[in-house]
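Source file data31.cif; content: mmCIF, C-alpha atoms.
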```
data_work
loop_
_atom_site.group_PDB
_atom_site.id
_atom_site.type_symbol
_atom_site.label_atom_id
_atom_site.label_comp_id
_atom_site.auth_asym_id
_atom_site.auth_seq_id
_atom_site.Cartn_x
_atom_site.Cartn_y
_atom_site.Cartn_z
ATOM 1 C CA MET E 136 160.206 53.688 50.253
ATOM 2 C CA THR E 137 159.991 50.245 51.721
ATOM 3 C CA ALA E 138 157.035 48.152 52.706
ATOM 4 C CA ARG E 139 158.125 48.706 56.317
ATOM 5 C CA SER E 140 156.523 52.152 56.008
ATOM 6 C CA ILE E 141 153.156 50.506 55.307
ATOM 7 C CA ARG E 142 151.145 48.372 57.705
ATOM 8 C CA VAL E 143 147.987 46.429 56.947
ATOM 9 C CA ASP E 144 145.654 45.423 59.767
ATOM 10 C CA HIS E 145 143.803 42.386 58.456
ATOM 11 C CA ALA E 146 141.331 42.591 61.361
ATOM 12 C CA SER E 147 140.347 46.167 60.465
ATOM 13 C CA PRO E 148 136.974 46.849 58.829
ATOM 14 C CA VAL E 149 138.876 49.122 56.402
ATOM 15 C CA PRO E 150 139.741 47.134 53.259
ATOM 16 C CA PRO E 151 143.455 46.463 52.755
ATOM 17 C CA TYR E 152 143.593 48.436 49.477
ATOM 18 C CA GLU E 153 142.230 51.488 51.318
ATOM 19 C CA GLN E 154 144.749 51.082 54.144
ATOM 20 C CA VAL E 155 147.596 50.964 51.605
ATOM 21 C CA ARG E 156 146.198 53.901 49.601
ATOM 22 C CA ALA E 157 145.678 56.082 52.672
ATOM 23 C CA GLN E 158 149.139 55.395 54.071
ATOM 24 C CA LEU E 159 150.851 56.095 50.749
ATOM 25 C CA ALA E 160 148.816 59.304 50.323
ATOM 26 C CA ASP E 161 149.881 60.365 53.820
ATOM 27 C CA LEU E 162 153.552 59.617 53.061
ATOM 28 C CA ILE E 163 153.237 61.820 49.963
ATOM 29 C CA SER E 164 151.424 64.615 51.816
ATOM 30 C CA VAL E 165 154.043 64.823 54.570
ATOM 31 C CA GLY E 166 156.930 64.701 52.093
ATOM 32 C CA ARG E 167 158.351 61.283 53.001
ATOM 33 C CA LEU E 168 157.622 60.347 49.397
ATOM 34 C CA ARG E 169 158.626 63.111 47.005
ATOM 35 C CA GLN E 170 158.001 63.872 43.377
ATOM 36 C CA GLY E 171 159.896 61.373 41.240
ATOM 37 C CA ASP E 172 160.190 58.731 43.963
ATOM 38 C CA ARG E 173 159.380 55.245 42.722
ATOM 39 C CA LEU E 174 156.903 53.079 44.568
ATOM 40 C CA PRO E 175 157.667 49.369 44.904
ATOM 41 C CA SER E 176 156.369 47.177 42.104
ATOM 42 C CA VAL E 177 152.885 45.803 42.607
ATOM 43 C CA ARG E 178 154.270 42.291 43.005
ATOM 44 C CA GLN E 179 156.913 43.370 45.496
ATOM 45 C CA LEU E 180 154.585 45.387 47.731
ATOM 46 C CA ALA E 181 151.883 42.699 47.593
ATOM 47 C CA SER E 182 154.434 40.057 48.562
ATOM 48 C CA ASP E 183 155.918 42.193 51.367
ATOM 49 C CA LEU E 184 152.459 42.898 52.832
ATOM 50 C CA GLY E 185 150.976 39.444 52.252
ATOM 51 C CA LEU E 186 148.308 40.803 49.918
ATOM 52 C CA ALA E 187 146.976 39.829 46.514
ATOM 53 C CA ASN E 188 148.461 41.748 43.585
ATOM 54 C CA ASN E 189 145.011 43.138 42.698
ATOM 55 C CA THR E 190 144.768 44.746 46.148
ATOM 56 C CA VAL E 191 147.912 46.789 45.508
ATOM 57 C CA VAL E 192 146.818 47.490 41.914
ATOM 58 C CA ARG E 193 143.598 49.020 43.257
ATOM 59 C CA ALA E 194 145.478 51.155 45.808
ATOM 60 C CA TYR E 195 147.842 52.424 43.095
ATOM 61 C CA ARG E 196 144.894 53.078 40.742
ATOM 62 C CA GLU E 197 143.159 55.147 43.432
ATOM 63 C CA LEU E 198 146.350 57.154 44.015
ATOM 64 C CA GLU E 199 146.673 57.697 40.279
ATOM 65 C CA SER E 200 143.094 58.934 39.966
ATOM 66 C CA ALA E 201 143.808 61.356 42.834
ATOM 67 C CA GLY E 202 146.753 62.732 40.846
ATOM 68 C CA LEU E 203 149.383 61.623 43.338
ATOM 69 C CA VAL E 204 151.199 58.989 41.264
ATOM 70 C CA ARG E 205 151.644 57.966 37.646
ATOM 71 C CA THR E 206 152.070 54.396 36.451
ATOM 72 C CA ARG E 207 153.886 53.712 33.200
ATOM 73 C CA ARG E 208 154.348 50.262 31.759
ATOM 74 C CA GLY E 209 157.996 49.362 32.024
ATOM 75 C CA SER E 210 158.956 52.213 34.329
ATOM 76 C CA GLY E 211 156.718 51.521 37.319
ATOM 77 C CA THR E 212 154.790 53.878 39.543
ATOM 78 C CA GLN E 213 156.228 57.261 40.507
ATOM 79 C CA VAL E 214 155.073 60.054 42.765
ATOM 80 C CA ILE E 215 154.030 63.052 40.660
ATOM 81 C CA ALA E 216 152.579 65.371 43.293
ATOM 82 C CA PRO E 217 155.154 67.166 45.429
ATOM 83 C CA ALA E 218 154.069 67.592 49.040
ATOM 84 C CA ALA E 219 153.904 71.384 48.648
ATOM 85 C CA ALA E 220 151.480 71.050 45.730
ATOM 86 C CA THR E 221 148.908 69.098 47.712
ATOM 87 C CA ASP E 222 146.901 71.911 49.243
ATOM 88 C CA SER E 223 144.695 71.701 52.309
ATOM 89 C CA LYS E 224 141.496 71.360 50.262
ATOM 90 C CA ALA E 225 142.848 68.302 48.462
ATOM 91 C CA LYS E 226 143.981 66.775 51.763
ATOM 92 C CA LEU E 227 140.624 67.513 53.332
ATOM 93 C CA ALA E 228 138.795 65.918 50.404
ATOM 94 C CA GLU E 229 140.991 62.826 50.672
ATOM 95 C CA HIS E 230 140.299 62.469 54.403
ATOM 96 C CA ALA E 231 136.596 63.051 53.776
ATOM 97 C CA ARG E 232 136.552 60.211 51.209
ATOM 98 C CA THR E 233 138.280 57.925 53.700
ATOM 99 C CA TYR E 234 135.791 58.844 56.425
ATOM 100 C CA ALA E 235 132.810 58.430 54.095
ATOM 101 C CA ALA E 236 134.027 54.988 53.043
ATOM 102 C CA ALA E 237 134.511 53.940 56.683
ATOM 103 C CA ALA E 238 131.057 55.252 57.613
ATOM 104 C CA GLY E 239 129.545 53.329 54.697
ATOM 105 C CA ARG E 240 131.202 50.116 55.852
ATOM 106 C CA LEU E 241 129.724 50.668 59.318
ATOM 107 C CA GLY E 242 126.295 50.872 57.726
ATOM 108 C CA VAL E 243 125.414 54.289 59.137
ATOM 109 C CA SER E 244 123.271 56.771 57.251
ATOM 110 C CA ASN E 245 124.674 59.937 55.694
ATOM 111 C CA GLU E 246 122.876 61.935 58.374
ATOM 112 C CA GLU E 247 124.533 59.895 61.154
ATOM 113 C CA ALA E 248 127.959 60.294 59.534
ATOM 114 C CA LEU E 249 127.472 64.058 59.189
ATOM 115 C CA ALA E 250 126.238 64.297 62.784
ATOM 116 C CA ALA E 251 129.398 62.538 63.968
ATOM 117 C CA ILE E 252 131.539 65.052 62.048
ATOM 118 C CA ARG E 253 129.566 67.986 63.453
ATOM 119 C CA HIS E 254 129.993 66.585 66.964
ATOM 120 C CA ALA E 255 133.741 66.086 66.458
ATOM 121 C CA LEU E 256 134.127 69.631 65.118
ATOM 122 C CA ALA E 257 132.110 71.078 67.992
ATOM 123 C CA SER E 258 134.325 69.185 70.455
ATOM 124 C CA LEU E 259 137.527 70.764 69.145
ATOM 125 C CA PRO E 260 139.079 73.516 71.237
ATOM 126 C CA THR E 261 138.545 76.945 69.761
ATOM 127 C CA SER E 262 141.612 78.893 68.659
#
```

Go ahead and express the file in the form of structure tokens.
Amino acid sequence: MTARSIRVDHASPVPPYEQVRAQLADLISVGRLRQGDRLPSVRQLASDLGLANNTVVRAYRELESAGLVRTRRGSGTQVIAPAAATDSKAKLAEHARTYAAAAGRLGVSNEEALAAIRHALASLPTS
């Protein structure tokens, strides 16, 4: 994986660490990053993206707590969750966390955030 796969929009209300985390999680979920693949070092990715090291550290820590990667001193950060092992409930929970964080940054209430989800679901075509 190269930093070219990751983009950070500095004008976005979504914090850079969350943008990096979400994009890496998506790359893992679609199989572009597979079990055993090494992520770039914190310093390298931070430098490539023009971010502070701590921003990338936080993104990697969030991925590790989600069970998608493992960081070992001296051997770097590796993907530990194969794409097939990340089931739809885990993906849904991850997207829900991302949405909840974005809604919180917008300053909307939980009720408003839930109403927006209900509206979006109601607007989907029925199968």

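When only C-alpha atoms are used to measure the gap to Gly185 in chain E, the shortest distance among E:Ala225, E:Ile141, E:Ala255, E:Leu198 belongs to E:Ile141.
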
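Considering the residues E:Ala237, E:Ala146, E:Ala157, E:Ala250 and counting all atoms listed in the file, Ala201 in chain E has its shortest atom-to-atom contact with E:Ala157.
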
Long-range neighbours of Ala248 in chain E as a PDB file with C-alpha atoms, keeping the file's coordinate frame, 9 Å cut-off, all atoms listed in the file, 2 positions minimum in chain:
```
ATOM      1  CA  TYR E 234     135.791  58.844  56.425  1.00  0.00           C
ATOM      2  CA  ALA E 235     132.810  58.430  54.095  1.00  0.00           C
ATOM      3  CA  ALA E 238     131.057  55.252  57.613  1.00  0.00           C
ATOM      4  CA  GLY E 239     129.545  53.329  54.697  1.00  0.00           C
ATOM      5  CA  VAL E 243     125.414  54.289  59.137  1.00  0.00           C
ATOM      6  CA  SER E 244     123.271  56.771  57.251  1.00  0.00           C
ATOM      7  CA  ASN E 245     124.674  59.937  55.694  1.00  0.00           C
ATOM      8  CA  GLU E 246     122.876  61.935  58.374  1.00  0.00           C
ATOM      9  CA  ALA E 250     126.238  64.297  62.784  1.00  0.00           C
ATOM     10  CA  ALA E 251     129.398  62.538  63.968  1.00  0.00           C
ATOM     11  CA  ILE E 252     131.539  65.052  62.048  1.00  0.00           C
ATOM     12  CA  ARG E 253     129.566  67.986  63.453  1.00  0.00           C
TER      13      ARG E 253
END
```

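Comparing E:Glu153, E:Asp161, E:Asp144, E:Asp172 by their smallest distance to Glu197 in chain E, the closest is E:Glu153 (using all atoms listed in the file).
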
Which residues, named as in the file, does the PyMOL selection byres ((chain E and resi 210) around 12) pick out? Answer as a ChimeraX atom specification.
/E:171-176,205-209,211-213

Write out, as an mmCIF file, in the coordinates of the input, the residues just selected, with C-alpha atoms.
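And here is the file that came out, part.cif:
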```cif
data_model
loop_
_atom_site.group_PDB
_atom_site.id
_atom_site.type_symbol
_atom_site.label_atom_id
_atom_site.label_comp_id
_atom_site.auth_asym_id
_atom_site.auth_seq_id
_atom_site.Cartn_x
_atom_site.Cartn_y
_atom_site.Cartn_z
ATOM 1 C CA GLY E 171 159.896 61.373 41.240
ATOM 2 C CA ASP E 172 160.190 58.731 43.963
ATOM 3 C CA ARG E 173 159.380 55.245 42.722
ATOM 4 C CA LEU E 174 156.903 53.079 44.568
ATOM 5 C CA PRO E 175 157.667 49.369 44.904
ATOM 6 C CA SER E 176 156.369 47.177 42.104
ATOM 7 C CA ARG E 205 151.644 57.966 37.646
ATOM 8 C CA THR E 206 152.070 54.396 36.451
ATOM 9 C CA ARG E 207 153.886 53.712 33.200
ATOM 10 C CA ARG E 208 154.348 50.262 31.759
ATOM 11 C CA GLY E 209 157.996 49.362 32.024
ATOM 12 C CA GLY E 211 156.718 51.521 37.319
ATOM 13 C CA THR E 212 154.790 53.878 39.543
ATOM 14 C CA GLN E 213 156.228 57.261 40.507
#
```

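CA of Ser223 in chain E lies 21.6 Å from CA of Ala194 in chain E.
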
Calculate how many Å separate CA of Glu247 in chain E from CA of Pro148 in chain E, rounding to one decimal.
18.2 Å

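The closest residue to Arg193 in chain E, picked from E:Arg142, E:Lys226, E:Arg156, E:Arg167 and counting only C-alpha atoms, is E:Arg156.
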
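Pairwise distance (CA of Val155 in chain E, CA of Arg196 in chain E) equals 11.4 Å.
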
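Residues in contact range of Ser140 in chain E, defined as at most 10 Å between all atoms listed in the file, with sequence neighbours fewer than 4 positions away removed, read Met136, Gln158, Leu159, Leu162 and Arg167 of chain E.
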
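Closest approach to Leu203 in chain E from the set E:Ser147, E:Gln170, E:Ser258, E:Gln154 is made by E:Gln170, with distances taken over only C-alpha atoms.
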
Dump range 152-224 of chain E with C-alpha atoms to a file, as a tab-separated table (two decimals), in the first residue's frame.
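Generated output (out-v7.tsv):
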```tsv
chain	number	residue	atom	x	y	z
E	152	TYR	CA	-6.98	10.82	11.76
E	153	GLU	CA	-10.58	9.73	11.07
E	154	GLN	CA	-10.15	10.21	7.32
E	155	VAL	CA	-7.02	8.03	7.38
E	156	ARG	CA	-8.65	5.40	9.63
E	157	ALA	CA	-11.80	5.18	7.51
E	158	GLN	CA	-9.90	4.89	4.24
E	159	LEU	CA	-7.59	2.19	5.58
E	160	ALA	CA	-10.57	0.29	7.03
E	161	ASP	CA	-12.27	0.49	3.63
E	162	LEU	CA	-9.12	-0.77	1.86
E	163	ILE	CA	-9.09	-3.73	4.26
E	164	SER	CA	-12.82	-4.42	3.87
E	165	VAL	CA	-12.66	-4.51	0.07
E	166	GLY	CA	-9.53	-6.67	0.06
E	167	ARG	CA	-7.05	-4.14	-1.34
E	168	LEU	CA	-5.17	-4.63	1.92
E	169	ARG	CA	-4.98	-8.28	2.89
E	170	GLN	CA	-4.03	-10.18	5.99
E	171	GLY	CA	-0.28	-9.89	6.52
E	172	ASP	CA	0.12	-6.73	4.44
E	173	ARG	CA	2.30	-4.12	6.13
E	174	LEU	CA	1.10	-0.56	6.49
E	175	PRO	CA	3.62	2.23	5.96
E	176	SER	CA	5.50	3.34	9.06
E	177	VAL	CA	3.87	6.11	11.04
E	178	ARG	CA	6.63	8.51	10.06
E	179	GLN	CA	6.42	7.61	6.38
E	180	LEU	CA	2.64	7.92	6.09
E	181	ALA	CA	2.60	11.15	8.13
E	182	SER	CA	5.30	12.61	5.90
E	183	ASP	CA	3.57	11.48	2.68
E	184	LEU	CA	0.24	12.99	3.79
E	185	GLY	CA	1.64	16.13	5.41
E	186	LEU	CA	0.31	15.15	8.83
E	187	ALA	CA	1.74	15.04	12.33
E	188	ASN	CA	3.00	11.62	13.45
E	189	ASN	CA	0.43	11.57	16.28
E	190	THR	CA	-2.39	11.86	13.74
E	191	VAL	CA	-1.30	8.64	12.04
E	192	VAL	CA	-0.62	6.99	15.42
E	193	ARG	CA	-4.24	7.69	16.42
E	194	ALA	CA	-5.59	6.28	13.13
E	195	TYR	CA	-3.50	3.11	13.56
E	196	ARG	CA	-4.58	2.82	17.22
E	197	GLU	CA	-8.24	3.03	16.19
E	198	LEU	CA	-7.71	0.34	13.54
E	199	GLU	CA	-5.97	-1.83	16.11
E	200	SER	CA	-8.81	-1.46	18.61
E	201	ALA	CA	-11.23	-2.47	15.83
E	202	GLY	CA	-9.20	-5.65	15.32
E	203	LEU	CA	-8.11	-4.80	11.79
E	204	VAL	CA	-4.37	-4.33	12.33
E	205	ARG	CA	-1.68	-5.25	14.84
E	206	THR	CA	1.31	-3.07	15.69
E	207	ARG	CA	4.48	-4.67	17.00
E	208	ARG	CA	7.54	-2.72	18.00
E	209	GLY	CA	10.24	-3.41	15.47
E	210	SER	CA	8.01	-5.11	12.93
E	211	GLY	CA	5.52	-2.34	12.17
E	212	THR	CA	1.79	-2.47	11.61
E	213	GLN	CA	0.21	-5.37	9.73
E	214	VAL	CA	-3.30	-6.16	8.61
E	215	ILE	CA	-4.70	-9.03	10.69
E	216	ALA	CA	-8.30	-9.16	9.50
E	217	PRO	CA	-8.81	-10.76	6.10
E	218	ALA	CA	-11.54	-9.10	4.05
E	219	ALA	CA	-13.70	-12.24	4.22
E	220	ALA	CA	-13.59	-12.21	8.03
E	221	THR	CA	-15.03	-8.72	8.33
E	222	ASP	CA	-18.74	-9.48	8.31
E	223	SER	CA	-21.53	-7.08	7.45
E	224	LYS	CA	-22.33	-6.35	11.11
```
